[in-house]
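Here's the structure we're looking at; comments come further down.
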Amino acid sequence: MKISFTLNGNAVSVNAEPDAPLLWVLRDELRLTGTKFGCGIAQCGACTVFVNGSTRRSCVTPASSINGGSVTTIEGVNGPEAEAIQAAWEKIDVPQCGYCQSGQVMSAVALLKAKPNPTDEDIDNGMAGNICRCASYVRIRQAIHDAADLASNRREIAADSNVSEATNVGLATASEGASA
Ligand code: FES
Ligand code: FES
């Protein structure tokens, strides 16, 4: 079956069995190996991607179900939350072996989008489906708090610069009006 979808912002088409797991389409057909295989039964979160903007376990997602849809993997995730998560992950040096981390990052980005200022409980609930055999959970929790602060600061700076831009435009318009 020909399956066409948007992958990290680009249109792609692949030939795959309708029930082939999306994970293997990404890794074997499209050579995006950042998404990992852990359990294969939707229990560990290593294979987490976004499908149409929501987290999905790609190991149990039939390829046919994404026809016409949109998939984002660790290679393409972007935006203010993703940038803040990446910066916090690097600052705190979250990964140990690293195997689970692309799934952790995808879930953390989704959590931050849904809850910009998550509590410990929010983080524990939001990240519960992502297992780390190196037990990096304490660093993950800290990094998500740091990323929330960072994203909030960036939003404030962006809002301030929008206000100054609007003020400058307003002043320029007023001054043009005065000299006309
Ligand atoms: S490999 Fe998909 S949840 Fe474990
Ligand atoms: S960092 Fe090793 S499994 Fe999570």
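How things are named: the first chain in the structure tokens is A, the next is B, and so on; residues count from 1 in each chain; ligands count from 1 in the order shown.
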Please identify all polymer residues within 8 Å of A:Pro21, counting only C-alpha atoms, omitting same-chain residues fewer than 5 positions from it, and present them as a PyMOL selection string. chain A and resi 58-63
Please find the residues contacting ligand 1 at a distance of at most 6 Å between atoms, with only C-alpha atoms and all ligand atoms counted, and report them as a list in words. Phe37, Gly38, Cys39, Gly40, Ile41, Ala42, Gln43, Cys44, Gly45, Ala46, Cys47, Arg57, Ser58 and Cys59 of chain A
May I ask which of the residues A:Val138, A:Ala114, A:Ala143, A:Val94 is the closest one to ligand 2, counting only C-alpha atoms and all ligand atoms?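 Between A:Val138, A:Ala114, A:Ala143, A:Val94, the residue approaching ligand 2 most closely is A:Val94.
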Within 9 Å of ligand 2, counting only C-alpha atoms and all ligand atoms, residues as a list in words: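 Protein and nucleic-acid residues within 9 Å of ligand 2: Ala46, Val94, Pro95, Gln96, Cys97, Gly98, Tyr99, Cys100, Gln101, Gln104, Asn130, Ile131, Cys132, Arg133, Cys134, Ala135, Ser136 and Tyr137 of chain A.
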Please compute the atom CA of A:Leu7-atom CA of A:Val71 distance, one decimal, in Å.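 Between these atoms lies a distance of 4.9 Å.
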Would you please work out which residue, of A:Asn125, A:Ala151, A:Val49, A:Val25, is nearest to A:Gln86 when using only C-alpha atoms?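 Checking each of A:Asn125, A:Ala151, A:Val49, A:Val25 against A:Gln86, counting only C-alpha atoms, the winner is A:Ala151.
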For A:Ser54, which of A:Ser107, A:Pro116, A:Arg139, A:Gly79 is the closest residue, counting only C-alpha atoms?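 The closest residue to A:Ser54 is A:Ser107.
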Residues within 12 Å of A:Ala11, please, as JSON, numbers by chain. Count only C-alpha atoms; anything in the same chain fewer than 5 positions from it doesn't count. {"A": [3, 4, 5, 6, 30, 67, 68, 69, 70, 71, 72]}
Apply DSSP to the backbone of this structure and, from chain A, keep only the residues in strand (DSSP E); write these as a ChimeraX atom specification. /A:2-7,10-15,48-51,54-57,70-72
Selected residues written out, C-alpha atoms, as an mmCIF file, in the first residue's frame:
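And here is the file that came out, out-v3.cif:
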data_model
loop_
_atom_site.group_PDB
_atom_site.id
_atom_site.type_symbol
_atom_site.label_atom_id
_atom_site.label_comp_id
_atom_site.auth_asym_id
_atom_site.auth_seq_id
_atom_site.Cartn_x
_atom_site.Cartn_y
_atom_site.Cartn_z
ATOM 1 C CA LYS A 2 1.231 3.493 -0.818
ATOM 2 C CA ILE A 3 1.176 5.662 2.292
ATOM 3 C CA SER A 4 1.585 9.428 1.975
ATOM 4 C CA PHE A 5 1.997 11.749 4.927
ATOM 5 C CA THR A 6 3.848 14.802 6.162
ATOM 6 C CA LEU A 7 7.020 13.924 8.019
ATOM 7 C CA ASN A 10 7.972 17.439 4.347
ATOM 8 C CA ALA A 11 5.648 15.392 2.149
ATOM 9 C CA VAL A 12 6.743 11.735 1.918
ATOM 10 C CA SER A 13 5.347 8.555 0.370
ATOM 11 C CA VAL A 14 6.330 4.981 1.161
ATOM 12 C CA ASN A 15 5.175 1.523 0.166
ATOM 13 C CA THR A 48 7.205 8.066 21.027
ATOM 14 C CA VAL A 49 6.465 10.411 18.112
ATOM 15 C CA PHE A 50 3.768 12.982 17.425
ATOM 16 C CA VAL A 51 0.949 11.999 15.070
ATOM 17 C CA SER A 54 -0.340 14.226 19.799
ATOM 18 C CA THR A 55 2.075 11.704 21.276
ATOM 19 C CA ARG A 56 1.783 8.222 19.841
ATOM 20 C CA ARG A 57 3.639 4.946 20.438
ATOM 21 C CA SER A 70 1.333 14.406 9.945
ATOM 22 C CA VAL A 71 4.195 12.826 11.890
ATOM 23 C CA THR A 72 6.897 14.579 13.897
#
Excluding A:Glu121 and its own-chain neighbours fewer than 4 positions away, which residues fall within 12 Å of it when counting only C-alpha atoms? Please give them as an mmCIF file with C-alpha atoms, in the first residue's frame.
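Ended up saving to part-v6.cif:
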data_model
loop_
_atom_site.group_PDB
_atom_site.id
_atom_site.type_symbol
_atom_site.label_atom_id
_atom_site.label_comp_id
_atom_site.auth_asym_id
_atom_site.auth_seq_id
_atom_site.Cartn_x
_atom_site.Cartn_y
_atom_site.Cartn_z
ATOM 1 C CA LEU A 111 3.742 17.897 28.543
ATOM 2 C CA LYS A 115 0.997 22.404 30.994
ATOM 3 C CA ASN A 117 4.105 25.299 34.479
ATOM 4 C CA ASN A 125 1.794 11.686 35.475
ATOM 5 C CA GLY A 126 2.810 13.085 32.084
ATOM 6 C CA MET A 127 6.035 11.097 31.938
ATOM 7 C CA ALA A 128 4.727 7.885 33.523
ATOM 8 C CA ARG A 141 11.924 16.133 36.411
ATOM 9 C CA HIS A 145 10.996 22.442 35.596
#
Running DSSP on the backbone, which parts of stretch 23-166 of chain A land in helix (DSSP H, G or I), as a compact mmCIF listing (two decimals) with N, CA and C atoms, in the first residue's frame?
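Output below, filename out-v3.txt:
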# COMPACT_ATOMS: atom_id res chain seq x y z
N LEU A 23 6.89 2.74 13.49
CA LEU A 23 8.29 2.76 13.95
C LEU A 23 9.24 2.21 12.89
N TRP A 24 8.86 1.09 12.27
CA TRP A 24 9.77 0.46 11.31
C TRP A 24 9.75 1.18 9.97
N VAL A 25 8.59 1.82 9.66
CA VAL A 25 8.56 2.65 8.45
C VAL A 25 9.54 3.80 8.62
N LEU A 26 9.52 4.41 9.79
CA LEU A 26 10.43 5.54 10.05
C LEU A 26 11.88 5.08 10.01
N ARG A 27 12.18 4.00 10.68
CA ARG A 27 13.57 3.59 10.84
C ARG A 27 14.12 2.91 9.57
N ASP A 28 13.33 1.96 9.02
CA ASP A 28 13.87 1.14 7.93
C ASP A 28 13.64 1.76 6.56
N GLU A 29 12.47 2.37 6.37
CA GLU A 29 12.17 2.92 5.04
C GLU A 29 12.68 4.35 4.91
N SER A 58 4.83 4.69 18.35
CA SER A 58 4.93 4.30 16.94
C SER A 58 5.08 2.79 16.76
N CYS A 59 5.46 2.07 17.82
CA CYS A 59 5.63 0.61 17.68
C CYS A 59 4.30 -0.10 17.51
N VAL A 60 3.19 0.54 17.92
CA VAL A 60 1.88 -0.10 17.79
C VAL A 60 0.93 0.73 16.92
N ALA A 63 0.96 1.63 9.99
CA ALA A 63 1.36 2.63 9.00
C ALA A 63 0.15 3.18 8.26
N SER A 64 -0.84 2.32 7.97
CA SER A 64 -2.00 2.79 7.19
C SER A 64 -2.76 3.90 7.92
N SER A 65 -2.67 3.93 9.26
CA SER A 65 -3.45 4.91 10.02
C SER A 65 -2.89 6.32 9.90
N ILE A 66 -1.69 6.45 9.37
CA ILE A 66 -1.11 7.79 9.27
C ILE A 66 -1.23 8.35 7.85
N PRO A 80 9.10 26.64 20.65
CA PRO A 80 9.65 27.14 21.91
C PRO A 80 9.78 26.08 22.99
N GLU A 81 8.80 25.19 23.09
CA GLU A 81 8.88 24.16 24.14
C GLU A 81 10.03 23.19 23.84
N ALA A 82 10.16 22.80 22.57
CA ALA A 82 11.23 21.87 22.20
C ALA A 82 12.60 22.50 22.44
N GLU A 83 12.72 23.79 22.11
CA GLU A 83 14.01 24.47 22.32
C GLU A 83 14.33 24.54 23.81
N ALA A 84 13.33 24.84 24.62
CA ALA A 84 13.56 24.93 26.07
C ALA A 84 13.91 23.57 26.64
N ILE A 85 13.22 22.53 26.17
CA ILE A 85 13.53 21.17 26.66
C ILE A 85 14.96 20.79 26.27
N GLN A 86 15.33 21.07 25.04
CA GLN A 86 16.67 20.72 24.59
C GLN A 86 17.73 21.43 25.42
N ALA A 87 17.51 22.73 25.65
CA ALA A 87 18.49 23.50 26.43
C ALA A 87 18.61 22.96 27.85
N ALA A 88 17.47 22.65 28.47
CA ALA A 88 17.50 22.14 29.85
C ALA A 88 18.13 20.75 29.90
N TRP A 89 17.83 19.94 28.89
CA TRP A 89 18.40 18.57 28.85
C TRP A 89 19.93 18.65 28.81
N GLU A 90 20.43 19.60 27.99
CA GLU A 90 21.88 19.73 27.86
C GLU A 90 22.48 20.29 29.13
N LYS A 91 21.82 21.31 29.70
CA LYS A 91 22.37 21.95 30.90
C LYS A 91 22.48 20.94 32.05
N ILE A 92 21.44 20.15 32.23
CA ILE A 92 21.42 19.21 33.36
C ILE A 92 22.09 17.89 33.01
N GLN A 101 15.98 8.40 25.54
CA GLN A 101 15.86 9.85 25.65
C GLN A 101 15.06 10.52 24.53
N SER A 102 15.07 9.98 23.32
CA SER A 102 14.26 10.66 22.30
C SER A 102 12.79 10.56 22.67
N GLY A 103 12.38 9.41 23.20
CA GLY A 103 10.99 9.28 23.65
C GLY A 103 10.70 10.18 24.83
N GLN A 104 11.66 10.30 25.74
CA GLN A 104 11.47 11.17 26.91
C GLN A 104 11.28 12.62 26.45
N VAL A 105 12.12 13.04 25.51
CA VAL A 105 12.05 14.43 25.02
C VAL A 105 10.71 14.69 24.35
N MET A 106 10.24 13.76 23.52
CA MET A 106 8.96 13.98 22.84
C MET A 106 7.83 14.11 23.87
N SER A 107 7.84 13.25 24.88
CA SER A 107 6.78 13.32 25.90
C SER A 107 6.92 14.60 26.72
N ALA A 108 8.15 15.02 27.01
CA ALA A 108 8.36 16.24 27.79
C ALA A 108 7.89 17.47 27.01
N VAL A 109 8.13 17.50 25.71
CA VAL A 109 7.65 18.63 24.89
C VAL A 109 6.13 18.66 24.91
N ALA A 110 5.50 17.50 24.75
CA ALA A 110 4.02 17.44 24.77
C ALA A 110 3.49 17.90 26.13
N LEU A 111 4.18 17.50 27.19
CA LEU A 111 3.74 17.90 28.54
C LEU A 111 3.81 19.41 28.71
N LEU A 112 4.92 19.99 28.25
CA LEU A 112 5.11 21.44 28.41
C LEU A 112 4.12 22.23 27.57
N LYS A 113 3.75 21.69 26.42
CA LYS A 113 2.73 22.36 25.59
C LYS A 113 1.39 22.34 26.32
N ALA A 114 1.07 21.22 26.95
CA ALA A 114 -0.23 21.08 27.63
C ALA A 114 -0.23 21.81 28.97
N ASP A 120 5.29 18.80 40.17
CA ASP A 120 5.95 17.48 40.21
C ASP A 120 4.95 16.39 39.84
N GLU A 121 3.74 16.53 40.35
CA GLU A 121 2.73 15.52 40.07
C GLU A 121 2.38 15.48 38.57
N ASP A 122 2.24 16.68 37.96
CA ASP A 122 1.98 16.74 36.52
C ASP A 122 3.08 16.02 35.75
N ILE A 123 4.32 16.28 36.18
CA ILE A 123 5.45 15.67 35.47
C ILE A 123 5.43 14.15 35.65
N ASP A 124 5.21 13.71 36.88
CA ASP A 124 5.19 12.26 37.12
C ASP A 124 4.07 11.60 36.31
N ASN A 125 2.91 12.25 36.26
CA ASN A 125 1.79 11.69 35.48
C ASN A 125 2.09 11.74 33.98
N GLY A 126 2.58 12.91 33.52
CA GLY A 126 2.81 13.08 32.08
C GLY A 126 3.92 12.20 31.54
N TYR A 137 15.17 9.64 36.16
CA TYR A 137 13.90 10.33 36.44
C TYR A 137 14.08 11.65 37.21
N VAL A 138 14.99 11.68 38.16
CA VAL A 138 15.15 12.91 38.95
C VAL A 138 15.67 14.04 38.06
N ARG A 139 16.62 13.72 37.19
CA ARG A 139 17.16 14.75 36.27
C ARG A 139 16.10 15.17 35.26
N ILE A 140 15.30 14.21 34.80
CA ILE A 140 14.23 14.54 33.85
C ILE A 140 13.25 15.52 34.49
N ARG A 141 12.88 15.25 35.73
CA ARG A 141 11.92 16.13 36.41
C ARG A 141 12.51 17.54 36.57
N GLN A 142 13.78 17.61 36.98
CA GLN A 142 14.42 18.91 37.15
C GLN A 142 14.52 19.65 35.81
N ALA A 143 14.88 18.91 34.78
CA ALA A 143 15.04 19.54 33.46
C ALA A 143 13.70 20.08 32.95
N ILE A 144 12.61 19.39 33.23
CA ILE A 144 11.30 19.88 32.78
C ILE A 144 10.93 21.16 33.55
N HIS A 145 11.24 21.19 34.85
CA HIS A 145 11.00 22.44 35.60
C HIS A 145 11.84 23.58 35.02
N ASP A 146 13.10 23.31 34.75
CA ASP A 146 13.99 24.35 34.19
C ASP A 146 13.49 24.80 32.82
N ALA A 147 13.05 23.84 32.02
CA ALA A 147 12.55 24.18 30.68
C ALA A 147 11.29 25.04 30.78
N ALA A 148 10.44 24.75 31.76
CA ALA A 148 9.23 25.55 31.95
C ALA A 148 9.60 26.99 32.28
N ASP A 149 10.62 27.17 33.16
CA ASP A 149 11.07 28.53 33.50
C ASP A 149 11.64 29.23 32.27
N LEU A 150 12.45 28.51 31.53
CA LEU A 150 13.09 29.07 30.34
C LEU A 150 12.05 29.48 29.31
N ALA A 151 11.08 28.61 29.05
CA ALA A 151 10.04 28.92 28.06
C ALA A 151 9.21 30.11 28.52
N SER A 152 8.96 30.19 29.84
CA SER A 152 8.18 31.31 30.36
C SER A 152 8.95 32.63 30.19
N ASN A 153 10.27 32.61 30.48
CA ASN A 153 11.09 33.81 30.29
C ASN A 153 11.08 34.24 28.83
N ARG A 154 11.18 33.25 27.94
CA ARG A 154 11.21 33.60 26.50
C ARG A 154 9.88 34.20 26.07
N ARG A 155 8.79 33.67 26.62
CA ARG A 155 7.48 34.23 26.26
C ARG A 155 7.38 35.68 26.72
N GLU A 156 7.90 35.95 27.96
CA GLU A 156 7.85 37.32 28.49
C GLU A 156 8.69 38.26 27.62
N ILE A 157 9.89 37.80 27.25
CA ILE A 157 10.76 38.65 26.41
C ILE A 157 10.07 38.93 25.07
N ALA A 158 9.46 37.87 24.49
CA ALA A 158 8.78 38.05 23.19
C ALA A 158 7.62 39.01 23.35
N ALA A 159 6.87 38.90 24.47
CA ALA A 159 5.73 39.80 24.69
C ALA A 159 6.23 41.23 24.84
N ASP A 160 7.35 41.42 25.62
CA ASP A 160 7.91 42.77 25.80
C ASP A 160 8.33 43.35 24.46
N SER A 161 8.99 42.52 23.63
CA SER A 161 9.47 43.09 22.38
C SER A 161 8.31 43.41 21.45
N ASN A 162 7.20 42.62 21.55
CA ASN A 162 6.01 42.95 20.75
C ASN A 162 5.42 44.28 21.19
N VAL A 163 5.41 44.52 22.53
CA VAL A 163 4.86 45.78 23.04
C VAL A 163 5.72 46.93 22.55
N SER A 164 7.11 46.78 22.64
CA SER A 164 7.95 47.89 22.19
C SER A 164 7.81 48.12 20.71
N GLU A 165 7.66 47.01 19.93
CA GLU A 165 7.48 47.19 18.49
C GLU A 165 6.19 47.95 18.21
N ALA A 166 5.12 47.55 18.91
CA ALA A 166 3.82 48.22 18.70
C ALA A 166 3.93 49.68 19.11
Report the distance between atom CA of A:Pro18 and atom CA of A:Asn78 in Å, rounded to one decimal place. 28.7 Å
Computed interatomic separation between atom CA of A:Ile74 and atom CA of A:Asp19 (Å):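 Computing it gives 22.7 Å between the two atoms.
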